[in-house]
>>> print(open('upload-v8.cif').read())   # mmCIF, C-alpha atoms
data_final
#
loop_
_atom_site.label_atom_id
_atom_site.label_comp_id
_atom_site.auth_asym_id
_atom_site.auth_seq_id
_atom_site.Cartn_x
_atom_site.Cartn_y
_atom_site.Cartn_z
CA GLN A 16 -20.17 136.96 127.12
CA VAL A 17 -17.25 136.77 129.49
CA GLN A 18 -14.35 139.18 129.57
CA LEU A 19 -11.06 137.96 131.02
CA VAL A 20 -8.18 140.08 132.25
CA GLU A 21 -4.91 138.54 133.38
CA SER A 22 -2.45 140.19 135.75
CA GLY A 23 0.56 139.30 137.84
CA GLY A 24 3.13 138.61 135.18
CA GLY A 25 6.64 140.00 135.34
CA LEU A 26 10.34 139.27 135.49
CA VAL A 27 11.57 136.79 138.07
CA GLN A 28 14.78 134.88 138.66
CA ALA A 29 14.93 131.14 138.26
CA GLY A 30 13.64 129.43 141.37
CA GLY A 31 11.31 132.30 142.17
CA SER A 32 7.54 132.47 142.31
CA LEU A 33 4.73 134.45 140.74
CA ARG A 34 0.97 134.36 141.08
CA LEU A 35 -1.12 135.13 138.06
CA SER A 36 -4.72 136.26 138.39
CA CYS A 37 -7.51 136.12 135.86
CA ALA A 38 -10.49 138.33 136.62
CA ALA A 39 -13.71 137.52 134.83
CA SER A 40 -16.51 139.97 134.19
CA GLY A 41 -19.80 139.74 132.40
CA ARG A 42 -21.68 136.55 133.01
CA THR A 43 -20.84 134.73 136.21
CA SER A 44 -17.75 132.61 135.88
CA SER A 45 -18.88 129.95 138.35
CA SER A 46 -20.42 127.88 135.54
CA TYR A 47 -17.31 128.07 133.35
CA ALA A 48 -14.39 125.70 133.14
CA MET A 49 -11.17 127.68 133.17
CA GLY A 50 -7.76 127.10 131.71
CA TRP A 51 -4.30 128.60 131.74
CA PHE A 52 -2.24 128.39 128.58
CA ARG A 53 1.15 129.73 127.59
CA GLN A 54 2.83 130.61 124.36
CA ALA A 55 6.56 131.05 123.95
CA PRO A 56 7.98 132.95 120.95
CA GLY A 57 7.74 130.88 117.80
CA LYS A 58 5.84 128.09 119.52
CA GLU A 59 2.24 126.97 119.74
CA ARG A 60 -0.05 127.91 122.58
CA VAL A 61 -0.18 124.99 125.02
CA ILE A 62 -2.15 124.04 128.08
CA VAL A 63 -0.59 124.66 131.46
CA ALA A 64 -3.46 123.94 133.81
CA ALA A 65 -7.23 123.60 133.76
CA MET A 66 -9.94 123.55 136.37
CA ASN A 67 -13.61 122.58 136.37
CA PRO A 68 -16.32 125.01 137.46
CA THR A 69 -16.57 123.57 140.96
CA GLY A 70 -12.85 123.90 141.58
CA GLY A 71 -12.76 120.28 142.67
CA GLY A 72 -10.88 118.96 139.68
CA ALA A 73 -7.74 120.16 137.97
CA TYR A 74 -5.33 119.17 135.24
CA TYR A 75 -1.65 120.05 134.96
CA ALA A 76 0.76 119.68 132.11
CA ASP A 77 3.62 117.34 132.96
CA SER A 78 6.07 120.21 132.65
CA VAL A 79 4.50 122.10 135.57
CA LYS A 80 3.26 119.34 137.87
CA GLY A 81 4.40 119.87 141.41
CA ARG A 82 5.38 123.48 140.71
CA PHE A 83 2.17 125.21 139.60
CA THR A 84 -1.20 125.27 141.33
CA VAL A 85 -4.46 126.46 139.81
CA SER A 86 -7.28 127.66 142.03
CA ARG A 87 -10.42 129.70 141.74
CA ASP A 88 -12.54 131.95 143.92
CA ASN A 89 -15.98 131.96 142.34
CA ALA A 90 -17.21 134.62 144.76
CA LYS A 91 -14.59 136.96 143.29
CA ASN A 92 -14.89 135.63 139.72
CA THR A 93 -11.15 135.10 139.74
CA VAL A 94 -8.88 132.22 138.81
CA TYR A 95 -5.29 132.02 139.97
CA LEU A 96 -2.14 130.30 138.83
CA GLN A 97 0.49 130.04 141.55
CA MET A 98 3.84 129.36 139.96
CA SER A 99 6.81 128.24 142.04
CA SER A 100 10.31 126.97 141.31
CA LEU A 101 10.18 128.83 138.04
CA LYS A 102 12.56 127.88 135.26
CA PRO A 103 13.77 129.84 132.23
CA GLU A 104 11.73 127.49 130.05
CA ASP A 105 8.59 128.78 131.75
CA THR A 106 9.12 132.09 129.97
CA ALA A 107 6.06 132.81 127.83
CA VAL A 108 2.93 134.86 127.50
CA TYR A 109 0.32 133.31 129.77
CA PHE A 110 -3.34 133.36 128.83
CA CYS A 111 -6.43 132.43 130.76
CA ALA A 112 -9.46 131.07 128.97
CA ALA A 113 -13.04 130.13 129.74
CA HIS A 114 -15.34 127.41 128.39
CA GLY A 115 -19.02 127.54 129.05
CA PRO A 116 -21.42 128.12 130.53
CA LEU A 117 -21.69 124.48 131.54
CA GLN A 118 -24.85 122.85 132.74
CA MET A 119 -24.76 121.43 136.24
CA TRP A 120 -24.30 117.85 135.04
CA ARG A 121 -21.03 118.92 133.35
CA SER A 122 -19.72 120.95 136.27
CA TYR A 123 -16.98 118.40 136.92
CA TYR A 124 -15.51 118.72 133.43
CA TYR A 125 -12.33 120.53 132.51
CA PHE A 126 -10.80 121.02 129.09
CA THR A 127 -7.27 120.98 127.75
CA GLY A 128 -7.51 121.96 124.08
CA THR A 129 -7.23 125.53 122.86
CA TYR A 130 -10.11 124.84 120.47
CA GLU A 131 -12.38 124.01 123.40
CA TYR A 132 -12.28 127.47 124.90
CA ASP A 133 -14.65 130.24 123.93
CA TYR A 134 -13.16 133.24 125.68
CA TRP A 135 -9.58 134.42 126.07
CA GLY A 136 -7.74 137.11 127.96
CA GLN A 137 -5.13 139.32 126.40
CA GLY A 138 -2.23 137.55 128.06
CA THR A 139 0.45 138.50 130.56
CA GLN A 140 4.19 138.12 130.04
CA VAL A 141 6.22 135.95 132.38
CA THR A 142 9.98 136.10 132.00
CA VAL A 143 12.26 133.87 134.04
CA SER A 144 15.93 134.79 134.03
CA SER A 145 18.66 132.24 134.64
#
>>> encode(input="upload-v8.cif", output="structure tokens")
Amino acid sequence: QVQLVESGGGLVQAGGSLRLSCAASGRTSSSYAMGWFRQAPGKERVIVAAMNPTGGGAYYADSVKGRFTVSRDNAKNTVYLQMSSLKPEDTAVYFCAAHGPLQMWRSYYYFTGTYEYDYWGQGTQVTVSS
């Protein structure tokens, strides 16, 4: 079992930055692929970014490429989402999620579907004002 807790959300003006953190507890997170998703009111939950257990591979949705950066510190069991040049359309509840544990031979995999993740945090609100 892995428990995930997001933090770092808040209200920011357009063009600003925020860094979200996702702290994992329970089983070590170093063998888990991690993802960041977001859900705006009345819309489906969608992938924002994903990272493999090694931290050497990442995926970004087209809408955030060049603005968001996902990273992880396995020693701290924490995954980060650095968000820059924020836009009002980035307003949503942001969730982190974990898939695993993965065997070593799959440590370069990441996942982009909500159905592929086993564990979810409670979410953190990000609001970008224009």
>>> resolve_selection(input="upload-v8.cif", expression="the PyMOL selection byres ((chain A and resi 33) around 6)", output="ChimeraX atom specification")
/A:32,34,98
>>> resolve_selection(input="upload-v8.cif", expression="the PyMOL selection byres ((chain A and resi 105-121) around 7)", output="ChimeraX atom specification")
/A:21,37,46-55,101-104,122-124,131-143
>>> atom_distance(input="upload-v8.cif", atom1="atom CA of Ser100 of chain A", atom2="atom CA of Leu26 of chain A")
13.6 Å
>>> closest_residue(input="upload-v8.cif", among="A:Asn92, A:Gln28, A:Thr127, A:Asn67", to="Ser144 of chain A", atoms="all atoms listed in the file")
A:Gln28
>>> atom_distance(input="upload-v8.cif", atom1="atom CA of Ala65 of chain A", atom2="atom CA of Gly24 of chain A")
18.3 Å
>>> atom_distance(input="upload-v8.cif", atom1="atom CA of Pro56 of chain A", atom2="atom CA of Lys80 of chain A")
22.2 Å
>>> closest_residue(input="upload-v8.cif", among="A:Lys91, A:Leu19, A:Val63, A:Gly41", to="Ala76 of chain A", atoms="all atoms listed in the file")
A:Val63
>>> closest_residue(input="upload-v8.cif", among="A:Asn89, A:Thr129, A:Ser145, A:Thr84", to="Thr69 of chain A", atoms="all atoms listed in the file")
A:Asn89
>>> resolve_selection(input="upload-v8.cif", expression="the PyMOL selection byres ((chain A and resi 95) around 6)", output="ChimeraX atom specification")
/A:35-36,85-87,94,96
>>> build_atoms(input="upload-v8.cif", residues="segment 65-80 of chain A", atoms="N, CA and C atoms", output="compact mmCIF listing (two decimals), in the coordinates of the input")
# COMPACT_ATOMS: atom_id res chain seq x y z
N ALA A 65 -5.80 123.41 133.99
CA ALA A 65 -7.23 123.60 133.76
C ALA A 65 -7.98 123.22 135.02
N MET A 66 -9.14 123.83 135.18
CA MET A 66 -9.94 123.55 136.37
C MET A 66 -11.42 123.54 136.01
N ASN A 67 -12.17 122.65 136.63
CA ASN A 67 -13.61 122.58 136.37
C ASN A 67 -14.34 123.69 137.13
N PRO A 68 -15.60 123.90 136.82
CA PRO A 68 -16.32 125.01 137.46
C PRO A 68 -16.39 124.92 138.98
N THR A 69 -16.46 123.71 139.51
CA THR A 69 -16.57 123.57 140.96
C THR A 69 -15.26 123.84 141.68
N GLY A 70 -14.15 123.76 140.94
CA GLY A 70 -12.85 123.90 141.58
C GLY A 70 -12.36 122.61 142.20
N GLY A 71 -13.13 121.54 142.06
CA GLY A 71 -12.76 120.28 142.67
C GLY A 71 -11.91 119.39 141.81
N GLY A 72 -11.69 119.77 140.57
CA GLY A 72 -10.88 118.96 139.68
C GLY A 72 -9.94 119.82 138.87
N ALA A 73 -8.72 119.37 138.71
CA ALA A 73 -7.74 120.16 137.97
C ALA A 73 -6.83 119.25 137.16
N TYR A 74 -6.29 119.84 136.12
CA TYR A 74 -5.33 119.17 135.24
C TYR A 74 -4.07 120.02 135.18
N TYR A 75 -2.93 119.35 135.11
CA TYR A 75 -1.65 120.05 134.96
C TYR A 75 -0.84 119.39 133.86
N ALA A 76 -0.20 120.21 133.06
CA ALA A 76 0.76 119.68 132.11
C ALA A 76 1.92 119.05 132.87
N ASP A 77 2.51 118.03 132.29
CA ASP A 77 3.62 117.34 132.96
C ASP A 77 4.75 118.31 133.31
N SER A 78 4.94 119.29 132.46
CA SER A 78 6.07 120.21 132.65
C SER A 78 5.92 121.10 133.88
N VAL A 79 4.71 121.20 134.42
CA VAL A 79 4.50 122.10 135.57
C VAL A 79 3.99 121.38 136.81
N LYS A 80 3.76 120.09 136.71
CA LYS A 80 3.26 119.34 137.87
C LYS A 80 4.20 119.48 139.04
